[in-house]
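Enquirer: Here you go, this is coords-v3.pdb (PDB, C-alpha atoms, pLDDT in the B column).
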ATOM      1  CA  MET A 105      -7.207  21.487  13.935  1.00 47.00           C
ATOM      2  CA  MET A 106      -8.582  21.020  10.437  1.00 47.00           C
ATOM      3  CA  THR A 107      -6.585  24.024   9.243  1.00 51.00           C
ATOM      4  CA  HIS A 108      -3.397  22.489  10.639  1.00 50.00           C
ATOM      5  CA  ARG A 109      -4.062  19.190   8.808  1.00 51.00           C
ATOM      6  CA  TYR A 110      -4.868  21.052   5.588  1.00 50.00           C
ATOM      7  CA  ASN A 111      -1.633  23.045   5.891  1.00 56.00           C
ATOM      8  CA  SER A 112       0.369  19.824   6.514  1.00 56.00           C
ATOM      9  CA  GLY A 113      -1.097  18.181   3.418  1.00 57.00           C
ATOM     10  CA  GLY A 114      -0.474  21.290   1.317  1.00 64.00           C
ATOM     11  CA  LEU A 115       3.110  21.503   2.570  1.00 65.00           C
ATOM     12  CA  ILE A 116       3.835  17.879   1.667  1.00 63.00           C
ATOM     13  CA  GLY A 117       2.110  18.143  -1.716  1.00 66.00           C
ATOM     14  CA  GLY A 118       3.867  21.406  -2.551  1.00 72.00           C
ATOM     15  CA  THR A 119       7.263  19.961  -1.631  1.00 70.00           C
ATOM     16  CA  ILE A 120       6.665  16.965  -3.889  1.00 69.00           C
ATOM     17  CA  LEU A 121       5.695  19.214  -6.808  1.00 74.00           C
ATOM     18  CA  ILE A 122       8.771  21.408  -6.324  1.00 77.00           C
ATOM     19  CA  ALA A 123      11.044  18.348  -6.258  1.00 70.00           C
ATOM     20  CA  LEU A 124       9.463  16.974  -9.431  1.00 70.00           C
ATOM     21  CA  GLY A 125       9.764  20.311 -11.199  1.00 76.00           C
ATOM     22  CA  LEU A 126      13.446  20.646 -10.271  1.00 75.00           C
ATOM     23  CA  LEU A 127      14.170  17.108 -11.413  1.00 67.00           C
ATOM     24  CA  PHE A 128      12.535  17.623 -14.817  1.00 69.00           C
ATOM     25  CA  LEU A 129      14.293  20.980 -15.171  1.00 75.00           C
ATOM     26  CA  LEU A 130      17.678  19.417 -14.469  1.00 68.00           C
ATOM     27  CA  GLY A 131      16.851  16.743 -17.014  1.00 64.00           C
ATOM     28  CA  GLN A 132      16.354  19.416 -19.662  1.00 66.00           C
ATOM     29  CA  PHE A 133      19.692  21.109 -18.969  1.00 67.00           C
ATOM     30  CA  LEU A 134      21.779  18.004 -18.293  1.00 61.00           C
ATOM     31  CA  ASN A 135      20.248  16.039 -21.171  1.00 63.00           C
ATOM     32  CA  PHE A 136      18.936  12.976 -19.351  1.00 56.00           C
ATOM     33  CA  ARG A 137      15.518  11.401 -19.167  1.00 63.00           C
ATOM     34  CA  ALA A 138      14.222  12.409 -15.757  1.00 58.00           C
ATOM     35  CA  TRP A 139      11.462   9.812 -15.830  1.00 61.00           C
ATOM     36  CA  ASP A 140      13.999   6.967 -16.084  1.00 66.00           C
ATOM     37  CA  LEU A 141      15.401   8.107 -12.740  1.00 70.00           C
ATOM     38  CA  MET A 142      12.358   9.342 -10.879  1.00 75.00           C
ATOM     39  CA  TRP A 143       9.576   6.873 -11.671  1.00 82.00           C
ATOM     40  CA  PRO A 144      10.086   4.954  -8.383  1.00 86.00           C
ATOM     41  CA  PHE A 145       9.389   8.217  -6.557  1.00 82.00           C
ATOM     42  CA  PHE A 146       5.907   8.087  -8.056  1.00 84.00           C
ATOM     43  CA  VAL A 147       5.298   4.811  -6.203  1.00 89.00           C
ATOM     44  CA  ILE A 148       6.819   6.251  -3.021  1.00 88.00           C
ATOM     45  CA  GLY A 149       4.561   9.278  -3.381  1.00 85.00           C
ATOM     46  CA  ILE A 150       1.457   7.091  -3.585  1.00 88.00           C
ATOM     47  CA  GLY A 151       2.498   5.481  -0.318  1.00 90.00           C
ATOM     48  CA  GLY A 152       3.047   8.935   1.142  1.00 88.00           C
ATOM     49  CA  LEU A 153      -0.526   9.900   0.276  1.00 87.00           C
ATOM     50  CA  PHE A 154      -1.783   7.240   2.681  1.00 91.00           C
ATOM     51  CA  PHE A 155       0.205   8.891   5.450  1.00 91.00           C
ATOM     52  CA  VAL A 156      -1.222  12.270   4.495  1.00 87.00           C
ATOM     53  CA  GLY A 157      -4.692  10.739   4.790  1.00 88.00           C
ATOM     54  CA  MET A 158      -3.752   9.268   8.158  1.00 89.00           C
ATOM     55  CA  LEU A 159      -2.542  12.616   9.452  1.00 88.00           C
ATOM     56  CA  ALA A 160      -5.651  14.354   8.132  1.00 86.00           C
ATOM     57  CA  GLY A 161      -8.075  11.772   9.475  1.00 86.00           C
ATOM     58  CA  GLY A 162      -6.837  11.565  13.032  1.00 85.00           C
ATOM     59  CA  LYS A 163      -6.343   8.497  15.185  1.00 87.00           C
ATOM     60  CA  SER A 164      -9.330   6.671  13.678  1.00 89.00           C
ATOM     61  CA  THR A 165      -7.440   6.351  10.368  1.00 90.00           C
ATOM     62  CA  ALA A 166      -4.241   4.929  11.882  1.00 91.00           C
ATOM     63  CA  GLY A 167      -4.703   1.773   9.760  1.00 91.00           C
ATOM     64  CA  LEU A 168      -3.763   3.743   6.633  1.00 93.00           C
ATOM     65  CA  ALA A 169      -0.163   3.469   7.790  1.00 94.00           C
ATOM     66  CA  ILE A 170      -0.109  -0.219   6.809  1.00 94.00           C
ATOM     67  CA  PRO A 171      -0.806   0.129   3.043  1.00 94.00           C
ATOM     68  CA  GLY A 172       1.190   3.368   3.058  1.00 93.00           C
ATOM     69  CA  SER A 173       4.246   1.594   4.459  1.00 94.00           C
ATOM     70  CA  ILE A 174       3.928  -1.321   2.047  1.00 95.00           C
ATOM     71  CA  ILE A 175       3.658   0.885  -1.059  1.00 94.00           C
ATOM     72  CA  ALA A 176       6.372   3.317   0.076  1.00 93.00           C
ATOM     73  CA  VAL A 177       8.820   0.506   0.865  1.00 95.00           C
ATOM     74  CA  ILE A 178       8.127  -1.139  -2.508  1.00 94.00           C
ATOM     75  CA  GLY A 179       8.896   2.237  -4.097  1.00 92.00           C
ATOM     76  CA  LEU A 180      12.181   2.412  -2.176  1.00 92.00           C
ATOM     77  CA  MET A 181      13.054  -1.097  -3.326  1.00 92.00           C
ATOM     78  CA  LEU A 182      12.328  -0.113  -6.921  1.00 91.00           C
ATOM     79  CA  LEU A 183      14.498   2.975  -6.500  1.00 88.00           C
ATOM     80  CA  VAL A 184      17.465   0.961  -5.236  1.00 88.00           C
ATOM     81  CA  GLN A 185      17.017  -1.651  -7.952  1.00 87.00           C
ATOM     82  CA  ASN A 186      16.669   1.038 -10.612  1.00 85.00           C
ATOM     83  CA  LEU A 187      19.921   2.667  -9.489  1.00 82.00           C
ATOM     84  CA  THR A 188      21.915  -0.551  -9.053  1.00 82.00           C
ATOM     85  CA  GLY A 189      20.324  -2.830 -11.650  1.00 82.00           C
ATOM     86  CA  ALA A 190      19.909  -5.556  -8.997  1.00 81.00           C
ATOM     87  CA  TRP A 191      16.477  -6.641 -10.209  1.00 84.00           C
ATOM     88  CA  SER A 192      17.205 -10.231  -9.228  1.00 84.00           C
ATOM     89  CA  SER A 193      16.791  -9.202  -5.583  1.00 85.00           C
ATOM     90  CA  TRP A 194      13.026  -9.605  -6.068  1.00 89.00           C
ATOM     91  CA  ALA A 195      13.678 -13.295  -5.389  1.00 89.00           C
ATOM     92  CA  TYR A 196      13.879 -12.448  -1.685  1.00 91.00           C
ATOM     93  CA  GLY A 197      12.345  -8.968  -1.743  1.00 90.00           C
ATOM     94  CA  TRP A 198       9.062 -10.284  -0.350  1.00 91.00           C
ATOM     95  CA  THR A 199      10.756 -10.441   3.057  1.00 94.00           C
ATOM     96  CA  ILE A 200      11.208  -6.663   2.956  1.00 94.00           C
ATOM     97  CA  ILE A 201       7.510  -6.302   2.174  1.00 94.00           C
ATOM     98  CA  LEU A 202       6.775  -8.432   5.255  1.00 94.00           C
ATOM     99  CA  ALA A 203       8.939  -6.102   7.325  1.00 95.00           C
ATOM    100  CA  ALA A 204       7.058  -3.166   5.769  1.00 96.00           C
ATOM    101  CA  VAL A 205       3.807  -4.657   7.035  1.00 96.00           C
ATOM    102  CA  GLY A 206       5.323  -4.713  10.517  1.00 96.00           C
ATOM    103  CA  LEU A 207       6.465  -1.123  10.101  1.00 96.00           C
ATOM    104  CA  GLY A 208       2.953  -0.073   9.128  1.00 95.00           C
ATOM    105  CA  ILE A 209       1.453  -1.884  12.122  1.00 96.00           C
ATOM    106  CA  TRP A 210       3.983  -0.211  14.416  1.00 96.00           C
ATOM    107  CA  ILE A 211       3.260   3.262  12.999  1.00 95.00           C
ATOM    108  CA  ALA A 212      -0.485   2.614  13.280  1.00 95.00           C
ATOM    109  CA  GLY A 213      -0.041   1.622  16.908  1.00 94.00           C
ATOM    110  CA  LEU A 214       2.101   4.673  17.542  1.00 94.00           C
ATOM    111  CA  TRP A 215      -0.401   7.046  15.910  1.00 93.00           C
ATOM    112  CA  GLY A 216      -3.403   5.360  17.497  1.00 91.00           C
ATOM    113  CA  ASP A 217      -1.859   5.009  20.976  1.00 92.00           C
ATOM    114  CA  ASN A 218      -2.127   1.219  20.834  1.00 93.00           C
ATOM    115  CA  PRO A 219       0.804  -0.482  22.640  1.00 93.00           C
ATOM    116  CA  ALA A 220      -0.320  -3.962  21.541  1.00 94.00           C
ATOM    117  CA  MET A 221      -0.111  -2.947  17.861  1.00 93.00           C
ATOM    118  CA  ARG A 222       3.326  -1.452  18.416  1.00 93.00           C
ATOM    119  CA  ARG A 223       4.571  -4.709  19.929  1.00 94.00           C
ATOM    120  CA  SER A 224       3.020  -6.735  17.091  1.00 94.00           C
ATOM    121  CA  GLY A 225       4.578  -4.447  14.500  1.00 95.00           C
ATOM    122  CA  LEU A 226       8.038  -4.791  16.010  1.00 93.00           C
ATOM    123  CA  ARG A 227       7.659  -8.571  16.116  1.00 94.00           C
ATOM    124  CA  VAL A 228       6.678  -8.719  12.427  1.00 95.00           C
ATOM    125  CA  MET A 229       9.567  -6.403  11.506  1.00 95.00           C
ATOM    126  CA  GLU A 230      11.992  -8.666  13.352  1.00 92.00           C
ATOM    127  CA  ILE A 231      10.683 -11.748  11.536  1.00 94.00           C
ATOM    128  CA  GLY A 232      10.846  -9.969   8.182  1.00 94.00           C
ATOM    129  CA  PHE A 233      14.447  -8.845   8.755  1.00 93.00           C
ATOM    130  CA  ILE A 234      15.611 -12.306   9.835  1.00 93.00           C
ATOM    131  CA  LEU A 235      13.954 -13.880   6.775  1.00 93.00           C
ATOM    132  CA  PHE A 236      15.544 -11.196   4.569  1.00 93.00           C
ATOM    133  CA  VAL A 237      19.003 -12.138   5.837  1.00 91.00           C
ATOM    134  CA  ILE A 238      18.406 -15.894   5.459  1.00 91.00           C
ATOM    135  CA  PHE A 239      16.806 -15.829   2.005  1.00 91.00           C
ATOM    136  CA  GLY A 240      19.041 -13.008   0.775  1.00 88.00           C
ATOM    137  CA  ALA A 241      22.154 -14.955   1.727  1.00 87.00           C
ATOM    138  CA  PHE A 242      20.764 -18.111   0.099  1.00 88.00           C
ATOM    139  CA  PHE A 243      19.996 -16.464  -3.221  1.00 87.00           C
ATOM    140  CA  GLU A 244      22.987 -14.131  -3.407  1.00 83.00           C
ATOM    141  CA  LEU A 245      25.633 -16.608  -2.221  1.00 82.00           C
ATOM    142  CA  VAL A 246      24.246 -19.965  -3.433  1.00 81.00           C
ATOM    143  CA  ILE A 247      21.814 -19.443  -6.316  1.00 80.00           C
ATOM    144  CA  PHE A 248      23.222 -16.340  -7.996  1.00 78.00           C
ATOM    145  CA  GLY A 249      26.814 -17.123  -7.019  1.00 69.00           C
ATOM    146  CA  ASN A 250      29.262 -15.252  -9.209  1.00 65.00           C
ATOM    147  CA  GLY A 251      26.455 -13.135 -10.590  1.00 57.00           C
ATOM    148  CA  SER A 252      26.296 -11.136  -7.370  1.00 59.00           C
ATOM    149  CA  SER A 253      28.447  -8.101  -6.791  1.00 65.00           C
ATOM    150  CA  ALA A 254      31.342  -8.237  -4.344  1.00 66.00           C
ATOM    151  CA  LEU A 255      29.505  -5.829  -2.036  1.00 63.00           C
ATOM    152  CA  ARG A 256      26.433  -8.059  -1.826  1.00 70.00           C
ATOM    153  CA  GLN A 257      28.577 -11.170  -1.377  1.00 71.00           C
ATOM    154  CA  ALA A 258      30.282  -9.542   1.625  1.00 79.00           C
ATOM    155  CA  PHE A 259      27.141  -7.865   2.956  1.00 82.00           C
ATOM    156  CA  PHE A 260      25.067 -10.983   3.565  1.00 83.00           C
ATOM    157  CA  PRO A 261      27.711 -13.033   5.417  1.00 86.00           C
ATOM    158  CA  VAL A 262      28.140 -10.135   7.830  1.00 88.00           C
ATOM    159  CA  LEU A 263      24.373  -9.954   8.329  1.00 88.00           C
ATOM    160  CA  LEU A 264      24.232 -13.723   8.914  1.00 89.00           C
ATOM    161  CA  ILE A 265      26.851 -13.405  11.660  1.00 90.00           C
ATOM    162  CA  VAL A 266      25.046 -10.482  13.290  1.00 88.00           C
ATOM    163  CA  VAL A 267      21.634 -12.169  13.248  1.00 88.00           C
ATOM    164  CA  GLY A 268      23.155 -15.453  14.432  1.00 88.00           C
ATOM    165  CA  LEU A 269      24.834 -13.734  17.396  1.00 87.00           C
ATOM    166  CA  TYR A 270      21.566 -11.965  18.192  1.00 82.00           C
ATOM    167  CA  LEU A 271      19.554 -15.201  18.225  1.00 83.00           C
ATOM    168  CA  VAL A 272      22.175 -17.166  20.196  1.00 85.00           C
ATOM    169  CA  ALA A 273      22.484 -14.413  22.805  1.00 81.00           C
ATOM    170  CA  GLN A 274      18.720 -14.298  23.279  1.00 76.00           C
ATOM    171  CA  ARG A 275      18.119 -18.041  23.437  1.00 74.00           C
ATOM    172  CA  SER A 276      21.105 -18.774  25.688  1.00 75.00           C
ATOM    173  CA  GLY A 277      20.258 -16.106  28.242  1.00 68.00           C
ATOM    174  CA  LEU A 278      23.405 -14.089  27.514  1.00 63.00           C
ATOM    175  CA  TRP A 279      21.268 -11.153  26.406  1.00 59.00           C
ATOM    176  CA  PRO A 280      20.299  -9.196  29.544  1.00 56.00           C
ATOM    177  CA  ARG A 281      16.560  -9.246  30.098  1.00 54.00           C
ATOM    178  CA  SER A 282      16.517  -5.474  30.532  1.00 49.00           C
ATOM    179  CA  TRP A 283      17.948  -5.095  26.972  1.00 49.00           C
ATOM    180  CA  GLN A 284      15.379  -7.326  25.314  1.00 53.00           C
ATOM    181  CA  PRO A 285      12.531  -5.764  23.342  1.00 56.00           C
ATOM    182  CA  SER A 286       9.246  -5.557  25.209  1.00 54.00           C
ATOM    183  CA  TRP A 287       7.584  -8.155  22.936  1.00 48.00           C
ATOM    184  CA  ARG A 288      10.143 -10.745  24.070  1.00 53.00           C
ATOM    185  CA  HIS A 289       9.246 -10.782  27.728  1.00 51.00           C
ATOM    186  CA  GLY A 290       5.952  -8.872  27.794  1.00 50.00           C
ATOM    187  CA  ALA A 291       4.890  -6.205  30.180  1.00 49.00           C
ATOM    188  CA  ALA A 292       5.474  -6.558  33.877  1.00 46.00           C
ATOM    189  CA  PRO A 293       2.652  -8.527  35.466  1.00 46.00           C
ATOM    190  CA  SER A 294       0.155  -6.365  37.221  1.00 46.00           C
ATOM    191  CA  GLN A 295      -0.284  -6.740  40.947  1.00 47.00           C
ATOM    192  CA  PRO A 296      -3.446  -8.559  41.972  1.00 49.00           C
ATOM    193  CA  ALA A 297      -6.090  -6.369  43.434  1.00 49.00           C
ATOM    194  CA  ASP A 298      -6.486  -6.444  47.199  1.00 51.00           C
ATOM    195  CA  ASP A 299     -10.015  -7.688  47.800  1.00 51.00           C
ATOM    196  CA  ARG A 300      -9.821  -7.512  51.560  1.00 54.00           C
ATOM    197  CA  PRO A 301     -12.457  -5.265  53.048  1.00 55.00           C
ATOM    198  CA  THR A 302     -11.312  -1.879  54.237  1.00 57.00           C
ATOM    199  CA  PRO A 303     -11.397  -1.764  58.043  1.00 59.00           C
ATOM    200  CA  PRO A 304     -13.693   0.847  59.514  1.00 59.00           C
ATOM    201  CA  PRO A 305     -11.994   4.001  60.718  1.00 58.00           C
ATOM    202  CA  GLN A 306     -11.000   4.055  64.365  1.00 60.00           C
ATOM    203  CA  ALA A 307     -13.021   6.287  66.623  1.00 51.00           C
TER     204      ALA A 307
END
Kindly transcribe the structure held in the file into structure tokens.

Expert:
Amino acid sequence: MMTHRYNSGGLIGGTILIALGLLFLLGQFLNFRAWDLMWPFFVIGIGGLFFVGMLAGGKSTAGLAIPGSIIAVIGLMLLVQNLTGAWSSWAYGWTIILAAVGLGIWIAGLWGDNPAMRRSGLRVMEIGFILFVIFGAFFELVIFGNGSSALRQAFFPVLLIVVGLYLVAQRSGLWPRSWQPSWRHGAAPSQPADDRPTPPPQA
């Protein structure tokens, strides 16, 4: 078992080193500063190390998924912002970090065989996504206004419509109960135990 975990960590670490080497090599031949492009991957890699530790430590280290998810998602946000120049999105980026916390809780529950943590993680992810749509639309469409790109100005109205339909369908009962996530209606109630005494066997 330990050998398998060691091999998994070595495989992930080796892949990261190969990718970094290729990126720096391309930078030499194509005459661009590789670090300007790849520095967010350094943050993502730090988050990935938490997952390596989780895999190596077994179910008792499932909690490492939470900081790992937060750091990795921040790295992904930095990557997108670095590529697009949309640094103003930090105004509502904290909602994505909230969703990342939910993702980490869900992964921890999945790795640790904890259904309650999985349900909590999904609930936090849902809250984070809804807040992302609301605050993102507010900042991009109202505060930033003409400073936002056409793609972002079209993206958030569509998300508002989708989230609005989702919430209306759930609250009005139009959403079939069988389609709702488990954290909405909870698990099926268990049957009460039968405390009646067992009759003696017939002769």

Enquirer: With distances taken over all atoms listed in the file, which residue among A:Val205, A:Leu129, A:Ala169, A:Val177 lies nearest Val147 of chain A?

Expert: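 Checking each candidate against Val147 of chain A, we get A:Val177 as the closest.
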
Enquirer: Quick one: which segment 118-212 of chain A residues come within 10 Å of segment 220-243 of chain A, and what is the nearest atom pair for each with the distance in Å to one decimal, counting all atoms listed in the file, rows ordered by chain and ascending number, as a Markdown table?

Expert:
| residue | atom | partner | partner_atom | distance |
| --- | --- | --- | --- | --- |
| A:Ile170 | CA | A:Gly225 | CA | 9.9 |
| A:Ser192 | CA | A:Phe243 | CA | 9.1 |
| A:Ser193 | CA | A:Gly240 | CA | 7.7 |
| A:Trp194 | CA | A:Gly240 | CA | 9.7 |
| A:Ala195 | CA | A:Phe243 | CA | 7.4 |
| A:Tyr196 | CA | A:Gly240 | CA | 5.7 |
| A:Gly197 | CA | A:Phe236 | CA | 7.4 |
| A:Trp198 | CA | A:Phe236 | CA | 8.2 |
| A:Thr199 | CA | A:Phe236 | CA | 5.1 |
| A:Ile200 | CA | A:Gly232 | CA | 6.2 |
| A:Ile201 | CA | A:Gly232 | CA | 7.8 |
| A:Leu202 | CA | A:Gly232 | CA | 5.2 |
| A:Ala203 | CA | A:Met229 | CA | 4.2 |
| A:Ala204 | CA | A:Met229 | CA | 7.0 |
| A:Val205 | CA | A:Val228 | CA | 7.3 |
| A:Gly206 | CA | A:Gly225 | CA | 4.1 |
| A:Leu207 | CA | A:Gly225 | CA | 5.8 |
| A:Gly208 | CA | A:Gly225 | CA | 7.1 |
| A:Ile209 | CA | A:Gly225 | CA | 4.7 |
| A:Trp210 | CA | A:Arg222 | CA | 4.2 |
| A:Ile211 | CA | A:Arg222 | CA | 7.2 |
| A:Ala212 | CA | A:Met221 | CA | 7.2 |

Enquirer: Write the selection just made, keeping C-alpha atoms, as a compact mmCIF listing (two decimals), in the coordinates of the input?

Expert:
# COMPACT_ATOMS: atom_id res chain seq x y z
CA ILE A 170 -0.11 -0.22 6.81
CA SER A 192 17.20 -10.23 -9.23
CA SER A 193 16.79 -9.20 -5.58
CA TRP A 194 13.03 -9.60 -6.07
CA ALA A 195 13.68 -13.30 -5.39
CA TYR A 196 13.88 -12.45 -1.68
CA GLY A 197 12.34 -8.97 -1.74
CA TRP A 198 9.06 -10.28 -0.35
CA THR A 199 10.76 -10.44 3.06
CA ILE A 200 11.21 -6.66 2.96
CA ILE A 201 7.51 -6.30 2.17
CA LEU A 202 6.78 -8.43 5.26
CA ALA A 203 8.94 -6.10 7.32
CA ALA A 204 7.06 -3.17 5.77
CA VAL A 205 3.81 -4.66 7.04
CA GLY A 206 5.32 -4.71 10.52
CA LEU A 207 6.46 -1.12 10.10
CA GLY A 208 2.95 -0.07 9.13
CA ILE A 209 1.45 -1.88 12.12
CA TRP A 210 3.98 -0.21 14.42
CA ILE A 211 3.26 3.26 13.00
CA ALA A 212 -0.48 2.61 13.28

Enquirer: When the PyMOL selection byres ((chain A and resi 175) around 9) is applied to the structure above, which residues does it catch, written out as a PyMOL selection string?

Expert: chain A and resi 147-152+170-174+176-180+201+204

Enquirer: Save out the residues we just selected, C-alpha atoms, as an mmCIF file, keeping the file's coordinate frame.

Expert:
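Output file again.cif follows:
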data_model
loop_
_atom_site.group_PDB
_atom_site.id
_atom_site.type_symbol
_atom_site.label_atom_id
_atom_site.label_comp_id
_atom_site.auth_asym_id
_atom_site.auth_seq_id
_atom_site.Cartn_x
_atom_site.Cartn_y
_atom_site.Cartn_z
ATOM 1 C CA VAL A 147 5.298 4.811 -6.203
ATOM 2 C CA ILE A 148 6.819 6.251 -3.021
ATOM 3 C CA GLY A 149 4.561 9.278 -3.381
ATOM 4 C CA ILE A 150 1.457 7.091 -3.585
ATOM 5 C CA GLY A 151 2.498 5.481 -0.318
ATOM 6 C CA GLY A 152 3.047 8.935 1.142
ATOM 7 C CA ILE A 170 -0.109 -0.219 6.809
ATOM 8 C CA PRO A 171 -0.806 0.129 3.043
ATOM 9 C CA GLY A 172 1.190 3.368 3.058
ATOM 10 C CA SER A 173 4.246 1.594 4.459
ATOM 11 C CA ILE A 174 3.928 -1.321 2.047
ATOM 12 C CA ALA A 176 6.372 3.317 0.076
ATOM 13 C CA VAL A 177 8.820 0.506 0.865
ATOM 14 C CA ILE A 178 8.127 -1.139 -2.508
ATOM 15 C CA GLY A 179 8.896 2.237 -4.097
ATOM 16 C CA LEU A 180 12.181 2.412 -2.176
ATOM 17 C CA ILE A 201 7.510 -6.302 2.174
ATOM 18 C CA ALA A 204 7.058 -3.166 5.769
#

Enquirer: Pick out the closest residue to Leu214 of chain A from this set: A:Ile265, A:Ala123, A:Leu245, A:Ala166. Count only C-alpha atoms.

Expert: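 Of all the options, A:Ala166 lies closest to Leu214 of chain A.
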
Enquirer: Would you please work out which residue, of A:Leu153, A:Gly213, A:Leu168, A:Phe248, is nearest to Ala190 of chain A when using all atoms listed in the file?

Expert: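 Using all atoms listed in the file, the shortest distance to Ala190 of chain A belongs to A:Phe248.
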
Enquirer: If we count all atoms listed in the file and set the cut-off at 9 Å, which residues sit around segment 216-218 of chain A, ignoring sequence neighbours fewer than 6 positions away in its own chain? Please answer as a PDB file with C-alpha atoms, in the frame of the given file.

Expert:
ATOM      1  CA  GLY A 162      -6.837  11.565  13.032  1.00 85.00           C
ATOM      2  CA  LYS A 163      -6.343   8.497  15.185  1.00 87.00           C
ATOM      3  CA  SER A 164      -9.330   6.671  13.678  1.00 89.00           C
ATOM      4  CA  THR A 165      -7.440   6.351  10.368  1.00 90.00           C
ATOM      5  CA  ALA A 166      -4.241   4.929  11.882  1.00 91.00           C
ATOM      6  CA  GLY A 167      -4.703   1.773   9.760  1.00 91.00           C
ATOM      7  CA  TRP A 210       3.983  -0.211  14.416  1.00 96.00           C
TER       8      TRP A 210
END

Enquirer: Which distance in Å separates atom CA of Gly125 of chain A and atom CA of Gly161 of chain A, to one decimal?

Expert: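 Interatomic distance here is 28.6 Å.
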
Enquirer: How many Å lie between atom CA of Phe260 of chain A and atom CA of Met181 of chain A, rounded to one decimal?

Expert: 17.0 Å

Enquirer: Can you measure atom CA of Thr119 of chain A to atom CA of Leu182 of chain A for me? One decimal in Å is fine.

Expert: 21.4 Å

Enquirer: Could you add N, CA and C atoms to segment 254-266 of chain A and give me the result as a PDB file, in the frame of the given file?

Expert:
ATOM      1  N   ALA A 254      30.484  -7.959  -5.497  1.00 66.00           N
ATOM      2  CA  ALA A 254      31.342  -8.237  -4.344  1.00 66.00           C
ATOM      3  C   ALA A 254      30.753  -7.640  -3.070  1.00 66.00           C
ATOM      4  N   LEU A 255      30.098  -6.475  -3.205  1.00 63.00           N
ATOM      5  CA  LEU A 255      29.505  -5.829  -2.036  1.00 63.00           C
ATOM      6  C   LEU A 255      28.403  -6.697  -1.451  1.00 63.00           C
ATOM      7  N   ARG A 256      27.531  -7.219  -2.312  1.00 70.00           N
ATOM      8  CA  ARG A 256      26.433  -8.059  -1.826  1.00 70.00           C
ATOM      9  C   ARG A 256      26.953  -9.373  -1.281  1.00 70.00           C
ATOM     10  N   GLN A 257      28.021  -9.918  -1.863  1.00 71.00           N
ATOM     11  CA  GLN A 257      28.577 -11.170  -1.377  1.00 71.00           C
ATOM     12  C   GLN A 257      29.237 -10.995  -0.012  1.00 71.00           C
ATOM     13  N   ALA A 258      29.717  -9.798   0.303  1.00 79.00           N
ATOM     14  CA  ALA A 258      30.282  -9.542   1.625  1.00 79.00           C
ATOM     15  C   ALA A 258      29.213  -9.088   2.609  1.00 79.00           C
ATOM     16  N   PHE A 259      28.180  -8.445   2.105  1.00 82.00           N
ATOM     17  CA  PHE A 259      27.141  -7.865   2.956  1.00 82.00           C
ATOM     18  C   PHE A 259      26.340  -8.942   3.672  1.00 82.00           C
ATOM     19  N   PHE A 260      25.933  -9.969   2.964  1.00 83.00           N
ATOM     20  CA  PHE A 260      25.067 -10.983   3.565  1.00 83.00           C
ATOM     21  C   PHE A 260      25.784 -11.880   4.560  1.00 83.00           C
ATOM     22  N   PRO A 261      27.042 -12.285   4.352  1.00 86.00           N
ATOM     23  CA  PRO A 261      27.711 -13.033   5.417  1.00 86.00           C
ATOM     24  C   PRO A 261      27.812 -12.253   6.724  1.00 86.00           C
ATOM     25  N   VAL A 262      28.077 -10.956   6.610  1.00 88.00           N
ATOM     26  CA  VAL A 262      28.140 -10.135   7.830  1.00 88.00           C
ATOM     27  C   VAL A 262      26.787 -10.108   8.522  1.00 88.00           C
ATOM     28  N   LEU A 263      25.709  -9.952   7.739  1.00 88.00           N
ATOM     29  CA  LEU A 263      24.373  -9.954   8.329  1.00 88.00           C
ATOM     30  C   LEU A 263      24.050 -11.304   8.959  1.00 88.00           C
ATOM     31  N   LEU A 264      24.464 -12.405   8.328  1.00 89.00           N
ATOM     32  CA  LEU A 264      24.232 -13.723   8.914  1.00 89.00           C
ATOM     33  C   LEU A 264      24.906 -13.837  10.274  1.00 89.00           C
ATOM     34  N   ILE A 265      26.128 -13.346  10.387  1.00 90.00           N
ATOM     35  CA  ILE A 265      26.851 -13.405  11.660  1.00 90.00           C
ATOM     36  C   ILE A 265      26.138 -12.571  12.715  1.00 90.00           C
ATOM     37  N   VAL A 266      25.706 -11.369  12.338  1.00 88.00           N
ATOM     38  CA  VAL A 266      25.046 -10.482  13.290  1.00 88.00           C
ATOM     39  C   VAL A 266      23.732 -11.086  13.782  1.00 88.00           C
TER      40      VAL A 266
END
